[in-house]
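Dumped run.pdb below, it's PDB, C-alpha atoms and all ligand atoms:
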MODEL        1
ATOM      1  CA  MET A   1     -73.822  18.651 -44.804
ATOM      2  CA  ILE A   2     -70.205  18.882 -43.637
ATOM      3  CA  ASP A   3     -71.239  18.721 -40.022
ATOM      4  CA  LYS A   4     -73.390  15.691 -40.692
ATOM      5  CA  THR A   5     -70.487  13.884 -42.355
ATOM      6  CA  ARG A   6     -68.181  14.833 -39.518
ATOM      7  CA  LEU A   7     -70.681  13.641 -36.993
ATOM      8  CA  SER A   8     -71.124  10.274 -38.651
ATOM      9  CA  LEU A   9     -67.339   9.887 -38.933
ATOM     10  CA  ILE A  10     -67.016  10.598 -35.227
ATOM     11  CA  ALA A  11     -69.778   8.119 -34.543
ATOM     12  CA  LEU A  12     -68.026   5.502 -36.668
ATOM     13  CA  ALA A  13     -64.694   6.137 -34.960
ATOM     14  CA  SER A  14     -66.135   5.824 -31.463
ATOM     15  CA  CYS A  15     -67.979   2.718 -32.518
ATOM     16  CA  LEU A  16     -64.671   1.169 -33.703
ATOM     17  CA  LEU A  17     -62.992   2.194 -30.464
ATOM     18  CA  ALA A  18     -65.769   0.665 -28.400
ATOM     19  CA  THR A  19     -65.449  -2.649 -30.235
ATOM     20  CA  PRO A  20     -61.862  -3.841 -29.804
ATOM     21  CA  VAL A  21     -60.527  -5.560 -32.918
ATOM     22  CA  LEU A  22     -60.154  -9.222 -31.957
ATOM     23  CA  ALA A  23     -56.682 -10.273 -33.070
ATOM     24  CA  GLN A  24     -56.545 -13.778 -34.468
ATOM     25  CA  SER A  25     -54.500 -16.088 -32.287
ATOM     26  CA  VAL A  26     -53.680 -19.713 -31.557
ATOM     27  CA  ASN A  27     -52.287 -21.260 -28.388
ATOM     28  CA  LEU A  28     -49.489 -23.773 -28.765
ATOM     29  CA  TYR A  29     -48.240 -26.136 -26.048
ATOM     30  CA  THR A  30     -44.961 -27.854 -26.811
ATOM     31  CA  THR A  31     -42.100 -29.843 -25.335
ATOM     32  CA  ARG A  32     -39.785 -28.777 -28.146
ATOM     33  CA  GLU A  33     -37.009 -26.207 -27.707
ATOM     34  CA  PRO A  34     -37.828 -22.506 -28.178
ATOM     35  CA  ALA A  35     -34.862 -22.107 -30.565
ATOM     36  CA  LEU A  36     -36.314 -24.822 -32.790
ATOM     37  CA  LEU A  37     -39.938 -23.724 -32.770
ATOM     38  CA  ASN A  38     -39.751 -19.928 -32.638
ATOM     39  CA  PRO A  39     -38.492 -19.378 -36.208
ATOM     40  CA  VAL A  40     -41.343 -21.391 -37.744
ATOM     41  CA  VAL A  41     -43.945 -19.835 -35.469
ATOM     42  CA  GLU A  42     -42.705 -16.343 -36.390
ATOM     43  CA  ALA A  43     -42.942 -17.213 -40.089
ATOM     44  CA  PHE A  44     -46.531 -18.419 -39.544
ATOM     45  CA  THR A  45     -47.527 -15.144 -37.856
ATOM     46  CA  LYS A  46     -45.822 -13.112 -40.576
ATOM     47  CA  ASP A  47     -47.587 -15.033 -43.355
ATOM     48  CA  THR A  48     -51.051 -15.357 -41.784
ATOM     49  CA  GLY A  49     -51.372 -12.523 -39.255
ATOM     50  CA  ILE A  50     -52.330 -15.107 -36.621
ATOM     51  CA  LYS A  51     -50.523 -14.572 -33.329
ATOM     52  CA  VAL A  52     -49.095 -17.671 -31.643
ATOM     53  CA  ASN A  53     -48.942 -17.862 -27.857
ATOM     54  CA  THR A  54     -46.471 -20.611 -27.094
ATOM     55  CA  VAL A  55     -46.165 -22.441 -23.793
ATOM     56  CA  PHE A  56     -42.847 -24.279 -23.624
ATOM     57  CA  LEU A  57     -42.860 -27.253 -21.255
ATOM     58  CA  LYS A  58     -40.035 -29.598 -20.336
ATOM     59  CA  ASP A  59     -42.488 -32.470 -19.868
ATOM     60  CA  GLY A  60     -45.940 -33.227 -18.500
ATOM     61  CA  LEU A  61     -47.756 -31.662 -21.434
ATOM     62  CA  GLU A  62     -50.549 -34.234 -21.506
ATOM     63  CA  GLU A  63     -50.997 -34.022 -17.712
ATOM     64  CA  ARG A  64     -51.200 -30.235 -17.865
ATOM     65  CA  ILE A  65     -53.924 -30.257 -20.525
ATOM     66  CA  LYS A  66     -55.794 -32.926 -18.590
ATOM     67  CA  ALA A  67     -55.598 -30.829 -15.428
ATOM     68  CA  GLU A  68     -56.823 -27.716 -17.243
ATOM     69  CA  GLY A  69     -59.817 -29.684 -18.474
ATOM     70  CA  ALA A  70     -62.557 -28.029 -20.547
ATOM     71  CA  ASN A  71     -61.128 -24.578 -19.766
ATOM     72  CA  SER A  72     -57.716 -25.379 -21.250
ATOM     73  CA  PRO A  73     -56.592 -22.613 -23.620
ATOM     74  CA  ALA A  74     -54.454 -25.138 -25.551
ATOM     75  CA  ASP A  75     -55.184 -25.375 -29.281
ATOM     76  CA  VAL A  76     -52.195 -27.248 -30.686
ATOM     77  CA  MET A  77     -49.723 -29.653 -29.085
ATOM     78  CA  ILE A  78     -46.343 -30.356 -30.644
ATOM     79  CA  MET A  79     -44.341 -33.191 -29.138
ATOM     80  CA  VAL A  80     -41.613 -35.716 -29.886
ATOM     81  CA  ASP A  81     -42.067 -39.507 -30.084
ATOM     82  CA  ALA A  82     -45.118 -41.315 -31.440
ATOM     83  CA  ALA A  83     -45.653 -42.829 -27.969
ATOM     84  CA  GLN A  84     -46.405 -39.349 -26.597
ATOM     85  CA  MET A  85     -48.880 -38.639 -29.400
ATOM     86  CA  ILE A  86     -50.588 -42.023 -28.979
ATOM     87  CA  SER A  87     -50.759 -41.546 -25.217
ATOM     88  CA  ALA A  88     -52.389 -38.103 -25.616
ATOM     89  CA  ALA A  89     -54.957 -39.540 -28.039
ATOM     90  CA  ASN A  90     -55.700 -42.442 -25.675
ATOM     91  CA  ALA A  91     -56.065 -40.008 -22.772
ATOM     92  CA  GLY A  92     -58.813 -38.201 -24.692
ATOM     93  CA  VAL A  93     -57.119 -34.782 -24.780
ATOM     94  CA  THR A  94     -57.066 -34.586 -28.599
ATOM     95  CA  GLN A  95     -59.615 -34.351 -31.403
ATOM     96  CA  PRO A  96     -59.461 -35.344 -35.085
ATOM     97  CA  ILE A  97     -57.573 -32.802 -37.215
ATOM     98  CA  LYS A  98     -59.864 -33.149 -40.254
ATOM     99  CA  SER A  99     -57.905 -31.529 -43.069
ATOM    100  CA  ALA A 100     -57.690 -32.702 -46.655
ATOM    101  CA  ALA A 101     -54.342 -30.919 -46.994
ATOM    102  CA  VAL A 102     -52.910 -32.847 -44.038
ATOM    103  CA  ASP A 103     -54.263 -36.169 -45.338
ATOM    104  CA  LYS A 104     -52.662 -35.514 -48.708
ATOM    105  CA  ILE A 105     -49.188 -34.748 -47.355
ATOM    106  CA  VAL A 106     -48.758 -37.281 -44.540
ATOM    107  CA  PRO A 107     -48.741 -41.017 -45.343
ATOM    108  CA  ALA A 108     -51.242 -43.132 -43.392
ATOM    109  CA  GLN A 109     -48.594 -45.053 -41.420
ATOM    110  CA  LEU A 110     -47.308 -41.747 -40.028
ATOM    111  CA  ARG A 111     -50.561 -40.500 -38.525
ATOM    112  CA  ASP A 112     -53.303 -41.681 -36.212
ATOM    113  CA  PRO A 113     -55.987 -43.789 -37.971
ATOM    114  CA  GLN A 114     -58.597 -41.372 -36.510
ATOM    115  CA  ASP A 115     -56.379 -38.354 -37.328
ATOM    116  CA  ASN A 116     -55.903 -37.429 -33.679
ATOM    117  CA  TRP A 117     -52.238 -36.669 -34.398
ATOM    118  CA  VAL A 118     -50.010 -36.245 -37.380
ATOM    119  CA  THR A 119     -46.278 -36.457 -38.099
ATOM    120  CA  LEU A 120     -44.391 -33.210 -38.747
ATOM    121  CA  THR A 121     -40.836 -34.546 -39.037
ATOM    122  CA  LYS A 122     -39.111 -37.920 -39.070
ATOM    123  CA  ARG A 123     -36.093 -39.002 -37.045
ATOM    124  CA  ALA A 124     -34.532 -42.183 -38.374
ATOM    125  CA  ARG A 125     -32.744 -44.631 -36.071
ATOM    126  CA  ILE A 126     -29.893 -46.092 -38.039
ATOM    127  CA  VAL A 127     -26.599 -47.952 -37.807
ATOM    128  CA  VAL A 128     -23.249 -46.187 -37.956
ATOM    129  CA  VAL A 129     -19.855 -47.853 -38.220
ATOM    130  CA  SER A 130     -16.211 -46.895 -38.004
ATOM    131  CA  LYS A 131     -15.319 -45.117 -41.222
ATOM    132  CA  ASP A 132     -11.815 -46.635 -41.079
ATOM    133  CA  ARG A 133     -12.501 -50.166 -39.871
ATOM    134  CA  VAL A 134     -15.773 -51.236 -41.513
ATOM    135  CA  PRO A 135     -15.986 -51.267 -45.306
ATOM    136  CA  GLN A 136     -19.705 -51.982 -45.890
ATOM    137  CA  ASP A 137     -22.251 -49.273 -46.787
ATOM    138  CA  ALA A 138     -25.571 -50.944 -45.904
ATOM    139  CA  ILE A 139     -26.986 -53.236 -43.221
ATOM    140  CA  THR A 140     -30.262 -54.628 -41.914
ATOM    141  CA  TYR A 141     -31.338 -54.345 -38.260
ATOM    142  CA  GLU A 142     -31.481 -58.147 -38.312
ATOM    143  CA  ASP A 143     -27.762 -58.302 -39.184
ATOM    144  CA  LEU A 144     -26.774 -56.516 -35.988
ATOM    145  CA  ALA A 145     -27.132 -60.017 -34.490
ATOM    146  CA  ASP A 146     -24.257 -61.363 -36.639
ATOM    147  CA  PRO A 147     -21.544 -62.781 -34.333
ATOM    148  CA  LYS A 148     -18.939 -61.017 -36.474
ATOM    149  CA  TRP A 149     -19.758 -57.902 -34.377
ATOM    150  CA  LYS A 150     -18.941 -59.687 -31.105
ATOM    151  CA  GLY A 151     -17.362 -57.211 -28.668
ATOM    152  CA  LYS A 152     -17.772 -54.390 -31.197
ATOM    153  CA  PHE A 153     -21.363 -53.191 -30.792
ATOM    154  CA  CYS A 154     -22.393 -50.089 -28.806
ATOM    155  CA  ILE A 155     -25.909 -48.887 -27.996
ATOM    156  CA  ARG A 156     -27.713 -46.848 -25.346
ATOM    157  CA  GLY A 157     -29.983 -48.521 -22.773
ATOM    158  CA  GLY A 158     -32.614 -50.933 -24.026
ATOM    159  CA  GLN A 159     -35.435 -49.230 -22.108
ATOM    160  CA  HIS A 160     -34.754 -45.798 -23.535
ATOM    161  CA  PRO A 161     -37.784 -44.714 -25.642
ATOM    162  CA  TYR A 162     -35.654 -44.597 -28.840
ATOM    163  CA  ASN A 163     -34.581 -48.231 -28.481
ATOM    164  CA  ASN A 164     -37.931 -49.286 -27.080
ATOM    165  CA  ALA A 165     -39.580 -48.006 -30.279
ATOM    166  CA  LEU A 166     -37.008 -49.719 -32.504
ATOM    167  CA  PHE A 167     -37.358 -53.012 -30.618
ATOM    168  CA  ALA A 168     -41.171 -52.710 -30.739
ATOM    169  CA  ALA A 169     -40.955 -52.230 -34.517
ATOM    170  CA  TYR A 170     -38.767 -55.347 -34.722
ATOM    171  CA  LEU A 171     -41.330 -57.207 -32.633
ATOM    172  CA  ALA A 172     -44.220 -56.025 -34.830
ATOM    173  CA  ARG A 173     -42.405 -57.372 -37.896
ATOM    174  CA  ASN A 174     -40.819 -60.545 -36.547
ATOM    175  CA  GLY A 175     -42.809 -61.787 -33.550
ATOM    176  CA  ALA A 176     -41.728 -62.425 -29.952
ATOM    177  CA  GLU A 177     -39.555 -65.524 -30.426
ATOM    178  CA  LYS A 178     -37.332 -64.034 -33.133
ATOM    179  CA  THR A 179     -37.124 -60.723 -31.300
ATOM    180  CA  GLU A 180     -35.933 -62.401 -28.116
ATOM    181  CA  THR A 181     -33.235 -64.301 -30.060
ATOM    182  CA  TRP A 182     -32.199 -61.069 -31.789
ATOM    183  CA  LEU A 183     -31.974 -59.085 -28.540
ATOM    184  CA  LYS A 184     -29.887 -61.857 -26.931
ATOM    185  CA  ALA A 185     -27.501 -61.786 -29.891
ATOM    186  CA  LEU A 186     -27.235 -57.982 -29.774
ATOM    187  CA  LYS A 187     -26.480 -58.150 -26.079
ATOM    188  CA  ALA A 188     -23.816 -60.814 -26.731
ATOM    189  CA  ASN A 189     -22.200 -58.495 -29.303
ATOM    190  CA  THR A 190     -21.932 -55.459 -27.032
ATOM    191  CA  ALA A 191     -18.523 -53.926 -26.376
ATOM    192  CA  ARG A 192     -19.796 -52.319 -23.174
ATOM    193  CA  LYS A 193     -22.901 -52.203 -21.021
ATOM    194  CA  PRO A 194     -25.756 -50.536 -22.966
ATOM    195  CA  GLY A 195     -26.121 -46.970 -21.739
ATOM    196  CA  GLY A 196     -25.203 -43.334 -22.167
ATOM    197  CA  GLY A 197     -26.563 -41.205 -24.990
ATOM    198  CA  ASP A 198     -26.615 -41.580 -28.750
ATOM    199  CA  ARG A 199     -23.671 -39.231 -29.316
ATOM    200  CA  GLU A 200     -21.523 -41.303 -26.972
ATOM    201  CA  VAL A 201     -21.647 -44.287 -29.313
ATOM    202  CA  ALA A 202     -19.914 -42.090 -31.909
ATOM    203  CA  ARG A 203     -17.382 -41.093 -29.265
ATOM    204  CA  ASP A 204     -16.769 -44.784 -28.542
ATOM    205  CA  ILE A 205     -16.285 -45.546 -32.219
ATOM    206  CA  GLN A 206     -13.688 -42.790 -32.434
ATOM    207  CA  SER A 207     -11.850 -44.158 -29.377
ATOM    208  CA  GLY A 208     -11.844 -47.669 -30.858
ATOM    209  CA  LEU A 209     -14.070 -49.183 -28.131
ATOM    210  CA  CYS A 210     -16.662 -50.201 -30.739
ATOM    211  CA  ASP A 211     -16.939 -50.525 -34.506
ATOM    212  CA  ILE A 212     -20.706 -50.446 -34.954
ATOM    213  CA  ALA A 213     -23.517 -48.637 -33.160
ATOM    214  CA  VAL A 214     -27.109 -47.398 -33.270
ATOM    215  CA  ILE A 215     -27.923 -43.683 -33.377
ATOM    216  CA  ASN A 216     -30.716 -41.239 -34.222
ATOM    217  CA  THR A 217     -29.922 -39.380 -37.431
ATOM    218  CA  TYR A 218     -30.282 -35.829 -36.074
ATOM    219  CA  TYR A 219     -27.358 -36.416 -33.701
ATOM    220  CA  ILE A 220     -25.161 -37.104 -36.730
ATOM    221  CA  GLY A 221     -26.249 -33.738 -38.166
ATOM    222  CA  LEU A 222     -25.729 -31.890 -34.889
ATOM    223  CA  MET A 223     -22.245 -33.419 -34.430
ATOM    224  CA  SER A 224     -21.364 -32.456 -38.017
ATOM    225  CA  ILE A 225     -21.733 -28.768 -37.144
ATOM    226  CA  ALA A 226     -20.352 -28.993 -33.596
ATOM    227  CA  ALA A 227     -17.513 -26.675 -32.619
ATOM    228  CA  ASN A 228     -16.156 -29.044 -29.961
ATOM    229  CA  GLU A 229     -14.800 -32.614 -29.756
ATOM    230  CA  GLN A 230     -18.073 -33.937 -31.210
ATOM    231  CA  LYS A 231     -16.906 -32.837 -34.637
ATOM    232  CA  GLY A 232     -14.198 -35.492 -34.304
ATOM    233  CA  TRP A 233     -16.776 -38.101 -33.274
ATOM    234  CA  PHE A 234     -18.723 -37.227 -36.412
ATOM    235  CA  GLU A 235     -15.636 -37.610 -38.576
ATOM    236  CA  ALA A 236     -14.942 -41.094 -37.179
ATOM    237  CA  ILE A 237     -18.299 -42.551 -38.190
ATOM    238  CA  LYS A 238     -20.000 -43.630 -41.404
ATOM    239  CA  PRO A 239     -23.806 -43.847 -41.556
ATOM    240  CA  LEU A 240     -25.065 -47.037 -43.195
ATOM    241  CA  LYS A 241     -28.216 -47.410 -45.263
ATOM    242  CA  THR A 242     -30.174 -49.240 -42.565
ATOM    243  CA  THR A 243     -33.407 -51.151 -43.161
ATOM    244  CA  PHE A 244     -35.331 -54.137 -41.923
ATOM    245  CA  ALA A 245     -34.868 -57.244 -44.083
ATOM    246  CA  ASN A 246     -37.457 -56.723 -46.853
ATOM    247  CA  GLY A 247     -38.468 -53.419 -45.285
ATOM    248  CA  GLY A 248     -37.560 -49.798 -44.739
ATOM    249  CA  THR A 249     -35.858 -47.689 -42.122
ATOM    250  CA  HIS A 250     -37.275 -47.334 -38.616
ATOM    251  CA  VAL A 251     -38.310 -43.764 -37.864
ATOM    252  CA  ASN A 252     -39.796 -41.980 -34.924
ATOM    253  CA  ILE A 253     -41.391 -38.580 -35.212
ATOM    254  CA  SER A 254     -42.180 -35.155 -33.991
ATOM    255  CA  GLY A 255     -45.895 -34.608 -34.307
ATOM    256  CA  ALA A 256     -48.828 -32.306 -33.781
ATOM    257  CA  ALA A 257     -52.332 -32.712 -32.393
ATOM    258  CA  ILE A 258     -55.316 -30.465 -31.798
ATOM    259  CA  ALA A 259     -56.477 -30.186 -28.184
ATOM    260  CA  LYS A 260     -59.933 -31.544 -27.466
ATOM    261  CA  HIS A 261     -61.258 -28.219 -26.130
ATOM    262  CA  ALA A 262     -59.295 -25.985 -28.525
ATOM    263  CA  PRO A 263     -60.884 -22.501 -28.357
ATOM    264  CA  ASN A 264     -59.322 -21.555 -31.717
ATOM    265  CA  ARG A 265     -59.888 -24.739 -33.658
ATOM    266  CA  GLU A 266     -59.768 -23.182 -37.125
ATOM    267  CA  ASN A 267     -56.452 -21.502 -36.424
ATOM    268  CA  ALA A 268     -55.142 -24.745 -34.967
ATOM    269  CA  VAL A 269     -55.819 -26.480 -38.293
ATOM    270  CA  LYS A 270     -54.195 -23.542 -40.107
ATOM    271  CA  LEU A 271     -51.051 -23.825 -37.970
ATOM    272  CA  ILE A 272     -50.715 -27.568 -38.561
ATOM    273  CA  GLU A 273     -51.312 -27.166 -42.308
ATOM    274  CA  TYR A 274     -48.720 -24.391 -42.373
ATOM    275  CA  MET A 275     -46.187 -26.561 -40.553
ATOM    276  CA  LEU A 276     -46.578 -29.195 -43.262
ATOM    277  CA  GLY A 277     -45.929 -26.709 -46.062
ATOM    278  CA  ASP A 278     -42.639 -26.329 -47.939
ATOM    279  CA  LYS A 279     -41.327 -23.291 -46.122
ATOM    280  CA  ALA A 280     -42.142 -24.349 -42.562
ATOM    281  CA  GLN A 281     -41.019 -27.933 -43.148
ATOM    282  CA  THR A 282     -37.582 -26.730 -44.149
ATOM    283  CA  ILE A 283     -37.207 -24.239 -41.278
ATOM    284  CA  TYR A 284     -38.476 -26.660 -38.634
ATOM    285  CA  ALA A 285     -36.765 -29.824 -39.903
ATOM    286  CA  ASP A 286     -33.409 -28.164 -40.518
ATOM    287  CA  GLY A 287     -33.363 -26.696 -37.014
ATOM    288  CA  ASN A 288     -32.670 -30.195 -35.685
ATOM    289  CA  PHE A 289     -31.529 -32.112 -38.799
ATOM    290  CA  GLU A 290     -34.837 -33.986 -38.971
ATOM    291  CA  PHE A 291     -36.421 -35.283 -42.175
ATOM    292  CA  PRO A 292     -39.406 -33.305 -43.495
ATOM    293  CA  VAL A 293     -42.557 -35.449 -43.693
ATOM    294  CA  ASN A 294     -43.667 -33.553 -46.816
ATOM    295  CA  PRO A 295     -42.194 -35.509 -49.747
ATOM    296  CA  ASP A 296     -42.223 -32.395 -51.952
ATOM    297  CA  VAL A 297     -39.553 -30.677 -49.886
ATOM    298  CA  LYS A 298     -36.483 -31.104 -52.021
ATOM    299  CA  GLU A 299     -33.796 -29.372 -49.990
ATOM    300  CA  SER A 300     -33.306 -30.319 -46.379
ATOM    301  CA  ALA A 301     -30.161 -30.454 -44.270
ATOM    302  CA  ALA A 302     -30.806 -34.071 -43.222
ATOM    303  CA  VAL A 303     -31.326 -35.321 -46.780
ATOM    304  CA  LYS A 304     -28.233 -33.456 -47.961
ATOM    305  CA  LEU A 305     -26.136 -35.084 -45.249
ATOM    306  CA  LEU A 306     -27.642 -38.585 -45.150
ATOM    307  CA  GLY A 307     -29.676 -39.083 -48.318
ATOM    308  CA  LYS A 308     -33.366 -39.908 -48.499
ATOM    309  CA  VAL A 309     -34.883 -42.262 -45.988
ATOM    310  CA  ASN A 310     -37.201 -45.005 -47.144
ATOM    311  CA  VAL A 311     -39.550 -45.278 -44.146
ATOM    312  CA  ASP A 312     -40.593 -48.728 -42.969
ATOM    313  CA  THR A 313     -44.287 -49.339 -43.613
ATOM    314  CA  THR A 314     -45.163 -50.640 -40.130
ATOM    315  CA  PRO A 315     -47.695 -48.092 -38.815
ATOM    316  CA  LEU A 316     -46.547 -46.088 -35.786
ATOM    317  CA  THR A 317     -49.708 -47.162 -33.952
ATOM    318  CA  GLU A 318     -48.736 -50.817 -34.522
ATOM    319  CA  ILE A 319     -45.268 -50.094 -33.114
ATOM    320  CA  GLY A 320     -46.962 -48.382 -30.167
ATOM    321  CA  LYS A 321     -48.962 -51.506 -29.371
ATOM    322  CA  ASN A 322     -45.746 -53.539 -29.121
ATOM    323  CA  ARG A 323     -43.815 -51.210 -26.818
ATOM    324  CA  LYS A 324     -44.759 -52.841 -23.541
ATOM    325  CA  ALA A 325     -43.919 -56.324 -24.856
ATOM    326  CA  ALA A 326     -40.580 -55.031 -26.200
ATOM    327  CA  ALA A 327     -39.750 -53.555 -22.786
ATOM    328  CA  ASP A 328     -40.572 -56.891 -21.146
ATOM    329  CA  LEU A 329     -38.255 -58.742 -23.558
ATOM    330  CA  VAL A 330     -35.427 -56.294 -22.786
ATOM    331  CA  ASP A 331     -35.790 -57.177 -19.105
ATOM    332  CA  LYS A 332     -36.138 -60.888 -19.847
ATOM    333  CA  VAL A 333     -32.844 -61.106 -21.758
ATOM    334  CA  GLY A 334     -31.061 -58.811 -19.273
ATOM    335  CA  PHE A 335     -30.183 -56.386 -22.065
ATOM    336  CA  ASP A 336     -29.177 -53.553 -19.748
ATOM    337  CA  ASN A 337     -27.320 -55.683 -17.161
TER     338      ASN A 337
HETATM  339 FE    FE B 401     -32.758 -37.137 -28.771
ENDMDL
END

Show the structure stored in the file as structure tokens.
Ligand SMILES: [Fe+2]
Amino acid sequence: MIDKTRLSLIALASCLLATPVLAQSVNLYTTREPALLNPVVEAFTKDTGIKVNTVFLKDGLEERIKAEGANSPADVMIMVDAAQMISAANAGVTQPIKSAAVDKIVPAQLRDPQDNWVTLTKRARIVVVSKDRVPQDAITYEDLADPKWKGKFCIRGGQHPYNNALFAAYLARNGAEKTETWLKALKANTARKPGGGDREVARDIQSGLCDIAVINTYYIGLMSIAANEQKGWFEAIKPLKTTFANGGTHVNISGAAIAKHAPNRENAVKLIEYMLGDKAQTIYADGNFEFPVNPDVKESAAVKLLGKVNVDTTPLTEIGKNRKAAADLVDKVGFDN
């Protein structure tokens, strides 16, 4: 009897050895920074047992997946800017996410109508002013055209994707004629040639070159914890509650999509659902002072610093459709000259 049991145990053991245990995994391609993504990916693996193989790319993510074709190991893509997500969907390298949990968390205007991509975090583009020289606490994008800002307005280049998206949103709301007039007025108000980065407008407010400027919210957060001169730039500025007239605040996003040929589709859905949950939303959003897309997340570094953002209702896909026309208007009015 004993020998029989021993024999069957040996048989079972060799059988297990002959059949390697297939570890669950998911392959992630991303243009985001390792320092930002690794903590949330590690939490996912710890909580689900699913291993994440991450490929960090500086750019060219869509091209790489296209080149890999049907054999691409990519399951999930995480990128910044709705234009990148829309472009990937249009290029046919994505597939619908199909998740009731995702649909429940993310508002319709912040995902693809066919669910080819979904927002993970929001990055608002708002107006900041000199804390010392400008008393008001709120503004509309339309009011940036007010001649009272003549010679006091600073902004980065008009063709930069951040401004292109903002101008396209303006165009979607107001039409071409009004947008052209607005852009001309903004240009007439500039204190210097549009250019540089978003943090530099805060620098130029501190130096007194300008009183009012446009900036992405996460830069305000990053400057607030900076150990260098940027801390001083942060202290010189005051963020304004910024909305469209009769509308909300313009946001752009970081987002996720599932690759068309994803070999681990189920795990891809699990990763995206996890990234929309309370825990991951906080880790991932706080890493870059972005706003969680999940409205149930109560504590986030961005909300603590800047308050809640009331997102404009223009769908990101609608903004996407207006980007080319916005770029043409920027050239037409000589915004960057
Ligand atoms: Fe940026």

(request) Compare A:Phe234, A:Phe244, A:Tyr219, A:Tyr141 by their minimum atom-to-atom distance to Arg123 in chain A, counting only C-alpha atoms, and give me the closest one. (result)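 Using only C-alpha atoms, the shortest distance to Arg123 in chain A belongs to A:Tyr219.
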
(request) Could you tell me which residues the PyMOL selection byres (((chain A and resi 264) around 9) and not hetatm) grabs in this file, written as a ChimeraX atom specification? (result) /A:24-27,73-75,261-263,265-269

(request) Considering all atoms listed in the file, state which residue in the set A:Thr317, A:Asn322, A:Asn288, A:Gln95 is at the smallest distance from ligand FE 401 (chain B). (result)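 For ligand FE 401 (chain B), the nearest of the given residues is A:Asn288.
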
Counting all atoms listed in the file, which residues in chain A sit no more than 10 Å from ligand FE 401 (chain B)? For each one, give the nearest pair of atoms and the distance in Å, sorted by chain then residue number, as a tab-separated table.
residue	atom	partner	partner_atom	distance
A:Val80	CA	B:FE401	FE	9.0
A:Asp81	CA	B:FE401	FE	9.7
A:Arg123	CA	B:FE401	FE	9.1
A:Pro161	CA	B:FE401	FE	9.6
A:Tyr162	CA	B:FE401	FE	8.0
A:Gly197	CA	B:FE401	FE	8.3
A:Asp198	CA	B:FE401	FE	7.6
A:Arg199	CA	B:FE401	FE	9.3
A:Ile215	CA	B:FE401	FE	9.4
A:Asn216	CA	B:FE401	FE	7.1
A:Thr217	CA	B:FE401	FE	9.4
A:Tyr218	CA	B:FE401	FE	7.8
A:Tyr219	CA	B:FE401	FE	7.3
A:Asn288	CA	B:FE401	FE	9.8

Could you name the residues that touch Lys260 in chain A at 12 Å or less, counting all atoms listed in the file, but leaving out those on the same chain fewer than 4 positions away, as an mmCIF file with C-alpha atoms, keeping the file's coordinate frame?
data_model
loop_
_atom_site.group_PDB
_atom_site.id
_atom_site.type_symbol
_atom_site.label_atom_id
_atom_site.label_comp_id
_atom_site.auth_asym_id
_atom_site.auth_seq_id
_atom_site.Cartn_x
_atom_site.Cartn_y
_atom_site.Cartn_z
ATOM 1 C CA GLU A 62 -50.549 -34.234 -21.506
ATOM 2 C CA ILE A 65 -53.924 -30.257 -20.525
ATOM 3 C CA LYS A 66 -55.794 -32.926 -18.590
ATOM 4 C CA GLU A 68 -56.823 -27.716 -17.243
ATOM 5 C CA GLY A 69 -59.817 -29.684 -18.474
ATOM 6 C CA ALA A 70 -62.557 -28.029 -20.547
ATOM 7 C CA ASN A 71 -61.128 -24.578 -19.766
ATOM 8 C CA SER A 72 -57.716 -25.379 -21.250
ATOM 9 C CA PRO A 73 -56.592 -22.613 -23.620
ATOM 10 C CA ALA A 74 -54.454 -25.138 -25.551
ATOM 11 C CA ASP A 75 -55.184 -25.375 -29.281
ATOM 12 C CA VAL A 76 -52.195 -27.248 -30.686
ATOM 13 C CA MET A 77 -49.723 -29.653 -29.085
ATOM 14 C CA ALA A 88 -52.389 -38.103 -25.616
ATOM 15 C CA ALA A 89 -54.957 -39.540 -28.039
ATOM 16 C CA ASN A 90 -55.700 -42.442 -25.675
ATOM 17 C CA ALA A 91 -56.065 -40.008 -22.772
ATOM 18 C CA GLY A 92 -58.813 -38.201 -24.692
ATOM 19 C CA VAL A 93 -57.119 -34.782 -24.780
ATOM 20 C CA THR A 94 -57.066 -34.586 -28.599
ATOM 21 C CA GLN A 95 -59.615 -34.351 -31.403
ATOM 22 C CA PRO A 96 -59.461 -35.344 -35.085
ATOM 23 C CA ILE A 97 -57.573 -32.802 -37.215
ATOM 24 C CA ASN A 116 -55.903 -37.429 -33.679
ATOM 25 C CA TRP A 117 -52.238 -36.669 -34.398
ATOM 26 C CA ASN A 264 -59.322 -21.555 -31.717
ATOM 27 C CA ARG A 265 -59.888 -24.739 -33.658
ATOM 28 C CA ALA A 268 -55.142 -24.745 -34.967
#

(request) Tell me, as a ChimeraX atom specification, which residues lie within 12 Å of Lys104 in chain A, counting only C-alpha atoms; anything in the same chain fewer than 3 positions away does not count. (result) /A:98-101,107-108,110-111,118,273,276-277,293-296

Suppose we keep C-alpha atoms; can you now write the selection as a CSV table (one decimal), keeping the file's coordinate frame?
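Output (again02.csv):
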chain,number,residue,atom,x,y,z
A,98,LYS,CA,-59.9,-33.1,-40.3
A,99,SER,CA,-57.9,-31.5,-43.1
A,100,ALA,CA,-57.7,-32.7,-46.7
A,101,ALA,CA,-54.3,-30.9,-47.0
A,107,PRO,CA,-48.7,-41.0,-45.3
A,108,ALA,CA,-51.2,-43.1,-43.4
A,110,LEU,CA,-47.3,-41.7,-40.0
A,111,ARG,CA,-50.6,-40.5,-38.5
A,118,VAL,CA,-50.0,-36.2,-37.4
A,273,GLU,CA,-51.3,-27.2,-42.3
A,276,LEU,CA,-46.6,-29.2,-43.3
A,277,GLY,CA,-45.9,-26.7,-46.1
A,293,VAL,CA,-42.6,-35.4,-43.7
A,294,ASN,CA,-43.7,-33.6,-46.8
A,295,PRO,CA,-42.2,-35.5,-49.7
A,296,ASP,CA,-42.2,-32.4,-52.0
